[in-house]
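Only one structure is covered here, and it is reproduced in the block below.
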Amino acid sequence: MPAPASVAKPVATSTEFAPARLRGLPARFEAQKIAFGPVVFQCVRVAWKSGLLAQLDEAGKAGADIDALAAANSLSAYAISVVLETALSAGVVRRVDCRYSLTRIGDNVLHDEMTQINIDYVHDVCYQGLFALDACLREEKPLGLKTLGDWPTVYEGLSELPEPARTSWFNFDHYYSDSAFAQALPHVFARKPRQLMDIGANTGKWSLHCLRHDPEVRLTLLDLPIQLAQARTTLEHAGLLARANLHPIDILDFAAPFPAGMDAVWMSQFLTCFSLEAIGHIFRRAAECLAEGGSVWVLDTFWDRQRHDIASYCLINTSPYFTAIASGNSKMYESGVIVACAEANGLRLMETVDDLGLSHSLLRFERAA
């Protein structure tokens with residue numbers, strides 16, 4: 001007998017197929033989140049930037065309906081409905097009786113500094129360039145960089161990045177690296193280095209920390225000329241330029257030696273900028289420039305050494321930026337890959353310190369016997 005129209009027919013008679021079908025639904029939902037990920041990202045970003053999330057925060061648990069939100073927002077009721085319905089689907093807001101309010105996820109978007117820095121970085125620096133990711137992966141060239149400017153890699157253009165990309169890039173870089181500097185200093189200076197080299201000095205922040213920490217230490221800063229100009233300004237303003245030597249260099253010129261006689265060689269969030277081949281050449285020259293008993297220090301965010309999944313997730317998903325925007329052939333590495341590369345190029349691992357800052361590990365190498 002046919003089933004009554006009001007009764008749904010079973011999807012399968014097999015006792016094995018139905019549970020498998022049910023198990024597959026959550027996985028299929030997660031797959032759709034990936035498919036529509038860019039849409040969700042943009043709508044949630046607009047909800048934050050337009051002030052909608054702030055309005056809902058102010059409304060509290062009672063929430064607010066679309067008409068009330070539109071009366072105090074530059075977006076129309078139509079636009080607000082589009083944005084908030086997507087935010088609802090992502091769990092950023094909830095809706096009860098047509099009134100929207102913030103969830104804990106939305107509260108993070110509105111108030112959490114790390115979340116906001118990551119959103120700005122992805123949108124302002126990475127988003128358009130990632131459209132070319134497939135070609136970037138095939139050619140191992142940062143073809144997406146053309147959305148920001150005309151340079152071989154992003155590093156030649158950092159000081160000339162258009163706004164808001166420039167601000168978002170430096171906010172991202174400094175937020176993660178600066179958090180570990182204060183904790184790393186005692187480890188580096190426990191060995192009382194007199195000559196310290198900062199490879200990839202960037203804006204000179206680490207060098208500034210070192211010069212303030214120890215009045216006897218002298219710094220040698222290695223970087224591209226355009227980056228050293230910023231570092232010079234940083235140290236000049238602090239009145240510490242006299243103990244610093246600015247050494248312009250193209251790190252990818254593998255025949256260019258590093259200045260010799262160094263008690264410590266420092267690299268912070270630097271090796272992620274290069275291919276493993278280039279990293280090997282960097283380690284080799286670092287080993288050669290060490291004074292007797294000197295150390296090579298690597299401070300970096302290794303995704304396999306994180307205590308929390310959230311950190312590994314963020315780090316792994318930063319790698320496509322290096323492919324599409326930065327260099328075309330670098331990434332966020334696992335620690336074992338970097339250690340093996342160092343040991344293949346004249347160094348040996350002596351010490352590892354985890355949990356510095358937000359997500360950093362500090363590796364100390366010495367020249368192999």
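Just remember, in the structure tokens the first chain shown is A, the second B, etc., residues are 1-based per chain, and ligands are 1-based in the order shown.
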ask   = Residues at most 9 Å from segment 156-169 of chain A, counting only C-alpha atoms, excluding those fewer than 2 positions away in the same chain, as a VMD selection string?
value = chain A and resid 117 to 118 120 to 126 148 to 154 171 to 174 224 226 to 227 230
Atoms kept (N, CA and C atoms) for selection, written as a PDB file, in the first residue's frame:
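After the write, selection_22.pdb holds the following:
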```pdb
ATOM      1  N   ILE A 117      42.917  41.472  13.793  1.00  0.00           N
ATOM      2  CA  ILE A 117      44.166  41.580  13.033  1.00  0.00           C
ATOM      3  C   ILE A 117      44.197  40.548  11.917  1.00  0.00           C
ATOM      4  N   ASN A 118      43.750  39.327  12.217  1.00  0.00           N
ATOM      5  CA  ASN A 118      43.730  38.287  11.190  1.00  0.00           C
ATOM      6  C   ASN A 118      42.744  38.608  10.073  1.00  0.00           C
ATOM      7  N   ASP A 120      41.710  41.619   9.075  1.00  0.00           N
ATOM      8  CA  ASP A 120      42.270  42.711   8.271  1.00  0.00           C
ATOM      9  C   ASP A 120      43.393  42.217   7.369  1.00  0.00           C
ATOM     10  N   TYR A 121      44.244  41.366   7.911  1.00  0.00           N
ATOM     11  CA  TYR A 121      45.371  40.831   7.146  1.00  0.00           C
ATOM     12  C   TYR A 121      44.877  40.004   5.960  1.00  0.00           C
ATOM     13  N   VAL A 122      43.941  39.112   6.214  1.00  0.00           N
ATOM     14  CA  VAL A 122      43.423  38.279   5.126  1.00  0.00           C
ATOM     15  C   VAL A 122      42.734  39.129   4.070  1.00  0.00           C
ATOM     16  N   HIS A 123      41.949  40.107   4.503  1.00  0.00           N
ATOM     17  CA  HIS A 123      41.205  40.919   3.531  1.00  0.00           C
ATOM     18  C   HIS A 123      42.104  41.892   2.778  1.00  0.00           C
ATOM     19  N   ASP A 124      42.926  42.636   3.498  1.00  0.00           N
ATOM     20  CA  ASP A 124      43.693  43.728   2.888  1.00  0.00           C
ATOM     21  C   ASP A 124      44.941  43.255   2.162  1.00  0.00           C
ATOM     22  N   VAL A 125      45.543  42.165   2.634  1.00  0.00           N
ATOM     23  CA  VAL A 125      46.811  41.694   2.067  1.00  0.00           C
ATOM     24  C   VAL A 125      46.608  40.492   1.136  1.00  0.00           C
ATOM     25  N   CYS A 126      45.790  39.534   1.580  1.00  0.00           N
ATOM     26  CA  CYS A 126      45.764  38.224   0.911  1.00  0.00           C
ATOM     27  C   CYS A 126      44.607  37.994  -0.047  1.00  0.00           C
ATOM     28  N   LEU A 148      48.871  44.102  -5.245  1.00  0.00           N
ATOM     29  CA  LEU A 148      49.374  45.112  -4.313  1.00  0.00           C
ATOM     30  C   LEU A 148      50.447  46.004  -4.919  1.00  0.00           C
ATOM     31  N   GLY A 149      51.229  45.469  -5.860  1.00  0.00           N
ATOM     32  CA  GLY A 149      52.302  46.263  -6.455  1.00  0.00           C
ATOM     33  C   GLY A 149      53.183  45.411  -7.344  1.00  0.00           C
ATOM     34  N   ASP A 150      54.156  46.057  -7.947  1.00  0.00           N
ATOM     35  CA  ASP A 150      55.015  45.392  -8.922  1.00  0.00           C
ATOM     36  C   ASP A 150      56.404  45.176  -8.332  1.00  0.00           C
ATOM     37  N   TRP A 151      56.570  44.063  -7.599  1.00  0.00           N
ATOM     38  CA  TRP A 151      57.853  43.697  -7.007  1.00  0.00           C
ATOM     39  C   TRP A 151      58.066  42.198  -7.200  1.00  0.00           C
ATOM     40  N   PRO A 152      59.314  41.737  -7.194  1.00  0.00           N
ATOM     41  CA  PRO A 152      59.565  40.294  -7.313  1.00  0.00           C
ATOM     42  C   PRO A 152      58.991  39.500  -6.140  1.00  0.00           C
ATOM     43  N   THR A 153      59.131  40.028  -4.929  1.00  0.00           N
ATOM     44  CA  THR A 153      58.535  39.448  -3.724  1.00  0.00           C
ATOM     45  C   THR A 153      57.978  40.599  -2.901  1.00  0.00           C
ATOM     46  N   VAL A 154      57.192  40.282  -1.906  1.00  0.00           N
ATOM     47  CA  VAL A 154      56.570  41.329  -1.101  1.00  0.00           C
ATOM     48  C   VAL A 154      57.607  42.115  -0.300  1.00  0.00           C
ATOM     49  N   ASN A 171      50.752  45.249  11.247  1.00  0.00           N
ATOM     50  CA  ASN A 171      50.009  44.882  12.460  1.00  0.00           C
ATOM     51  C   ASN A 171      50.063  43.373  12.685  1.00  0.00           C
ATOM     52  N   PHE A 172      49.887  42.608  11.622  1.00  0.00           N
ATOM     53  CA  PHE A 172      49.932  41.149  11.696  1.00  0.00           C
ATOM     54  C   PHE A 172      51.320  40.680  12.113  1.00  0.00           C
ATOM     55  N   ASP A 173      52.337  41.186  11.433  1.00  0.00           N
ATOM     56  CA  ASP A 173      53.715  40.761  11.702  1.00  0.00           C
ATOM     57  C   ASP A 173      54.128  41.086  13.134  1.00  0.00           C
ATOM     58  N   HIS A 174      53.871  42.308  13.574  1.00  0.00           N
ATOM     59  CA  HIS A 174      54.318  42.737  14.892  1.00  0.00           C
ATOM     60  C   HIS A 174      53.492  42.109  16.010  1.00  0.00           C
ATOM     61  N   LEU A 224      67.481  44.050   3.243  1.00  0.00           N
ATOM     62  CA  LEU A 224      67.484  44.852   2.020  1.00  0.00           C
ATOM     63  C   LEU A 224      67.623  46.328   2.371  1.00  0.00           C
ATOM     64  N   ILE A 226      66.039  48.968   1.526  1.00  0.00           N
ATOM     65  CA  ILE A 226      64.801  49.689   1.824  1.00  0.00           C
ATOM     66  C   ILE A 226      64.299  49.369   3.224  1.00  0.00           C
ATOM     67  N   GLN A 227      64.561  48.161   3.703  1.00  0.00           N
ATOM     68  CA  GLN A 227      64.174  47.803   5.059  1.00  0.00           C
ATOM     69  C   GLN A 227      65.113  48.412   6.084  1.00  0.00           C
ATOM     70  N   GLN A 230      64.252  51.863   7.280  1.00  0.00           N
ATOM     71  CA  GLN A 230      63.280  51.941   8.367  1.00  0.00           C
ATOM     72  C   GLN A 230      63.925  51.608   9.710  1.00  0.00           C
TER      73      GLN A 230
END
```
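Remark: for Asp354 of chain A, the closest of the candidate residues A:Phe36, A:Trp303, A:Phe322, A:Tyr175 is A:Trp303 (distances computed over only C-alpha atoms).
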DSSP strand (DSSP E or B) residues within segment 181-255 of chain A, as a list in words =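 Selection result, strand (DSSP E or B) within segment 181-255 of chain A: Gln195, Leu196, Met197, Asp198, Ile199, Arg218, Leu219, Thr220, Leu221, Leu222, Asp223, Ala244, Asn245, Leu246, His247 and Pro248 of chain A.
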Contacts of Ala47 of chain A within 12 Å, only C-alpha atoms, excl. fewer than 4 positions in-chain, as a tab-separated table (two decimals) with C-alpha atoms, in the first residue's frame:
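Printed below is result-v2.tsv as written:
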```
chain	number	residue	atom	x	y	z
A	40	VAL	CA	30.77	34.21	5.00
A	41	PHE	CA	34.10	35.95	5.56
A	42	GLN	CA	33.06	39.06	3.66
A	43	CYS	CA	29.63	39.32	5.26
A	51	GLY	CA	29.11	48.88	13.12
A	52	LEU	CA	26.32	46.29	13.07
A	53	LEU	CA	28.05	44.04	15.59
A	54	ALA	CA	28.67	47.03	17.85
A	55	GLN	CA	24.98	47.92	17.66
A	56	LEU	CA	24.02	44.40	18.65
A	57	ASP	CA	26.54	44.47	21.47
A	69	LEU	CA	19.47	48.67	13.25
A	73	ASN	CA	23.37	52.55	10.41
A	74	SER	CA	24.50	53.63	6.95
A	75	LEU	CA	23.34	50.28	5.51
A	79	ALA	CA	21.66	45.24	3.14
A	80	ILE	CA	21.49	44.51	6.85
A	81	SER	CA	19.24	41.51	6.24
A	82	VAL	CA	21.73	40.06	3.73
A	83	VAL	CA	24.69	40.51	6.05
A	84	LEU	CA	23.04	39.35	9.25
A	85	GLU	CA	21.42	36.28	7.73
A	86	THR	CA	24.84	35.09	6.62
A	87	ALA	CA	26.23	35.96	10.05
A	88	LEU	CA	23.37	33.93	11.52
A	92	VAL	CA	28.09	34.99	14.71
A	93	VAL	CA	24.62	36.21	15.72
A	102	LEU	CA	25.56	38.64	19.45
A	106	GLY	CA	30.38	37.50	17.34
A	107	ASP	CA	31.80	38.89	20.55
A	109	VAL	CA	34.90	39.28	16.08
A	110	LEU	CA	33.95	42.55	17.77
```
ask   = What does the distance from atom CA of Leu130 of chain A to atom CA of Ile34 of chain A come to in Å, to one decimal?
value =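 According to the coordinates, atom CA of Leu130 of chain A and atom CA of Ile34 of chain A are separated by 15.0 Å.
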Of the listed residues A:Asp198, A:Glu236, A:Asp250, A:Glu334, that which approaches Trp297 of chain A most closely, counting only C-alpha atoms =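 Distance minimum relative to Trp297 of chain A lands on A:Asp198.
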request  = For each of A:Leu356, A:Ala229, A:Val46, A:Ala260, take the minimum atom-to-atom distance to Ile119 of chain A, counting only C-alpha atoms, then give the residue where this is smallest.
outcome  =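 Using only C-alpha atoms, the shortest distance to Ile119 of chain A belongs to A:Val46.
Contact shell of segment 137-140 of chain A at 7 Å (only C-alpha atoms; same-chain neighbours under 4 positions omitted): Leu133, Thr323, Gly328 and Asn329 of chain A.
Closest to Asp355 of chain A among A:Ala184, A:Ile66, A:Gly294, A:Val339 is A:Ala184, based on only C-alpha atoms.
Closest approach to Lys61 of chain A from the set A:Leu185, A:Val39, A:Val96, A:Ala190 is made by A:Val96, with distances taken over only C-alpha atoms.
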request  = Have a look at A:Leu315, A:Ala27, A:Leu252, A:Ala278 and name the one nearest to Tyr155 of chain A; count only C-alpha atoms.
outcome  = A:Leu252
key: Residues within 12 Å of Gly357 of chain A, only C-alpha atoms, excluding chain neighbours under 2 positions, as JSON, numbers by chain   = {"A": [174, 175, 176, 177, 178, 179, 180, 181, 182, 183, 184, 185, 299, 300, 301, 306, 311, 353, 354, 355, 359, 360, 361, 362]}
Store the residues picked out above, limited to N, CA and C atoms, as a PDB file, in the first residue's frame.
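What landed in part_38.pdb:
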```
ATOM      1  N   HIS A 174      53.871  42.308  13.574  1.00  0.00           N
ATOM      2  CA  HIS A 174      54.318  42.737  14.892  1.00  0.00           C
ATOM      3  C   HIS A 174      53.492  42.109  16.010  1.00  0.00           C
ATOM      4  N   TYR A 175      52.219  41.871  15.760  1.00  0.00           N
ATOM      5  CA  TYR A 175      51.376  41.281  16.809  1.00  0.00           C
ATOM      6  C   TYR A 175      51.928  39.934  17.248  1.00  0.00           C
ATOM      7  N   TYR A 176      52.350  39.143  16.281  1.00  0.00           N
ATOM      8  CA  TYR A 176      52.841  37.806  16.617  1.00  0.00           C
ATOM      9  C   TYR A 176      54.295  37.827  17.070  1.00  0.00           C
ATOM     10  N   SER A 177      55.169  38.546  16.386  1.00  0.00           N
ATOM     11  CA  SER A 177      56.587  38.510  16.741  1.00  0.00           C
ATOM     12  C   SER A 177      56.880  39.261  18.032  1.00  0.00           C
ATOM     13  N   ASP A 178      56.276  40.417  18.212  1.00  0.00           N
ATOM     14  CA  ASP A 178      56.594  41.235  19.377  1.00  0.00           C
ATOM     15  C   ASP A 178      56.213  40.560  20.682  1.00  0.00           C
ATOM     16  N   SER A 179      55.210  39.677  20.622  1.00  0.00           N
ATOM     17  CA  SER A 179      54.742  39.044  21.853  1.00  0.00           C
ATOM     18  C   SER A 179      55.803  38.156  22.491  1.00  0.00           C
ATOM     19  N   ALA A 180      56.793  37.724  21.724  1.00  0.00           N
ATOM     20  CA  ALA A 180      57.798  36.787  22.238  1.00  0.00           C
ATOM     21  C   ALA A 180      59.132  37.452  22.544  1.00  0.00           C
ATOM     22  N   PHE A 181      59.323  38.677  22.130  1.00  0.00           N
ATOM     23  CA  PHE A 181      60.637  39.307  22.263  1.00  0.00           C
ATOM     24  C   PHE A 181      61.108  39.386  23.713  1.00  0.00           C
ATOM     25  N   ALA A 182      60.260  39.878  24.606  1.00  0.00           N
ATOM     26  CA  ALA A 182      60.672  40.079  25.996  1.00  0.00           C
ATOM     27  C   ALA A 182      61.069  38.754  26.651  1.00  0.00           C
ATOM     28  N   GLN A 183      60.346  37.667  26.319  1.00  0.00           N
ATOM     29  CA  GLN A 183      60.658  36.363  26.905  1.00  0.00           C
ATOM     30  C   GLN A 183      61.906  35.737  26.294  1.00  0.00           C
ATOM     31  N   ALA A 184      62.211  36.096  25.048  1.00  0.00           N
ATOM     32  CA  ALA A 184      63.385  35.530  24.389  1.00  0.00           C
ATOM     33  C   ALA A 184      64.678  36.194  24.840  1.00  0.00           C
ATOM     34  N   LEU A 185      64.622  37.450  25.211  1.00  0.00           N
ATOM     35  CA  LEU A 185      65.835  38.200  25.570  1.00  0.00           C
ATOM     36  C   LEU A 185      66.692  37.510  26.635  1.00  0.00           C
ATOM     37  N   LEU A 299      63.793  32.149  16.213  1.00  0.00           N
ATOM     38  CA  LEU A 299      62.498  32.336  16.872  1.00  0.00           C
ATOM     39  C   LEU A 299      61.429  32.258  15.794  1.00  0.00           C
ATOM     40  N   ASP A 300      60.555  31.265  15.900  1.00  0.00           N
ATOM     41  CA  ASP A 300      59.546  31.131  14.847  1.00  0.00           C
ATOM     42  C   ASP A 300      58.312  30.400  15.365  1.00  0.00           C
ATOM     43  N   THR A 301      57.285  30.431  14.519  1.00  0.00           N
ATOM     44  CA  THR A 301      55.992  29.847  14.862  1.00  0.00           C
ATOM     45  C   THR A 301      55.835  28.532  14.109  1.00  0.00           C
ATOM     46  N   GLN A 306      52.622  23.683  18.743  1.00  0.00           N
ATOM     47  CA  GLN A 306      51.626  24.494  19.417  1.00  0.00           C
ATOM     48  C   GLN A 306      50.849  23.693  20.456  1.00  0.00           C
ATOM     49  N   ALA A 311      46.037  27.683  17.350  1.00  0.00           N
ATOM     50  CA  ALA A 311      47.309  28.242  16.875  1.00  0.00           C
ATOM     51  C   ALA A 311      47.790  27.504  15.635  1.00  0.00           C
ATOM     52  N   VAL A 353      63.109  25.999  23.300  1.00  0.00           N
ATOM     53  CA  VAL A 353      62.227  26.607  24.306  1.00  0.00           C
ATOM     54  C   VAL A 353      60.885  26.887  23.632  1.00  0.00           C
ATOM     55  N   ASP A 354      59.826  26.296  24.148  1.00  0.00           N
ATOM     56  CA  ASP A 354      58.493  26.481  23.580  1.00  0.00           C
ATOM     57  C   ASP A 354      57.675  27.466  24.408  1.00  0.00           C
ATOM     58  N   ASP A 355      56.508  27.815  23.853  1.00  0.00           N
ATOM     59  CA  ASP A 355      55.501  28.629  24.551  1.00  0.00           C
ATOM     60  C   ASP A 355      55.999  30.029  24.884  1.00  0.00           C
ATOM     61  N   SER A 359      52.759  32.103  20.269  1.00  0.00           N
ATOM     62  CA  SER A 359      52.853  30.785  19.625  1.00  0.00           C
ATOM     63  C   SER A 359      54.269  30.452  19.173  1.00  0.00           C
ATOM     64  N   HIS A 360      55.278  31.021  19.810  1.00  0.00           N
ATOM     65  CA  HIS A 360      56.646  30.889  19.318  1.00  0.00           C
ATOM     66  C   HIS A 360      57.451  29.816  20.032  1.00  0.00           C
ATOM     67  N   SER A 361      58.419  29.302  19.300  1.00  0.00           N
ATOM     68  CA  SER A 361      59.458  28.438  19.855  1.00  0.00           C
ATOM     69  C   SER A 361      60.806  29.062  19.530  1.00  0.00           C
ATOM     70  N   LEU A 362      61.763  28.856  20.424  1.00  0.00           N
ATOM     71  CA  LEU A 362      63.108  29.388  20.245  1.00  0.00           C
ATOM     72  C   LEU A 362      64.079  28.214  20.141  1.00  0.00           C
TER      73      LEU A 362
END
```
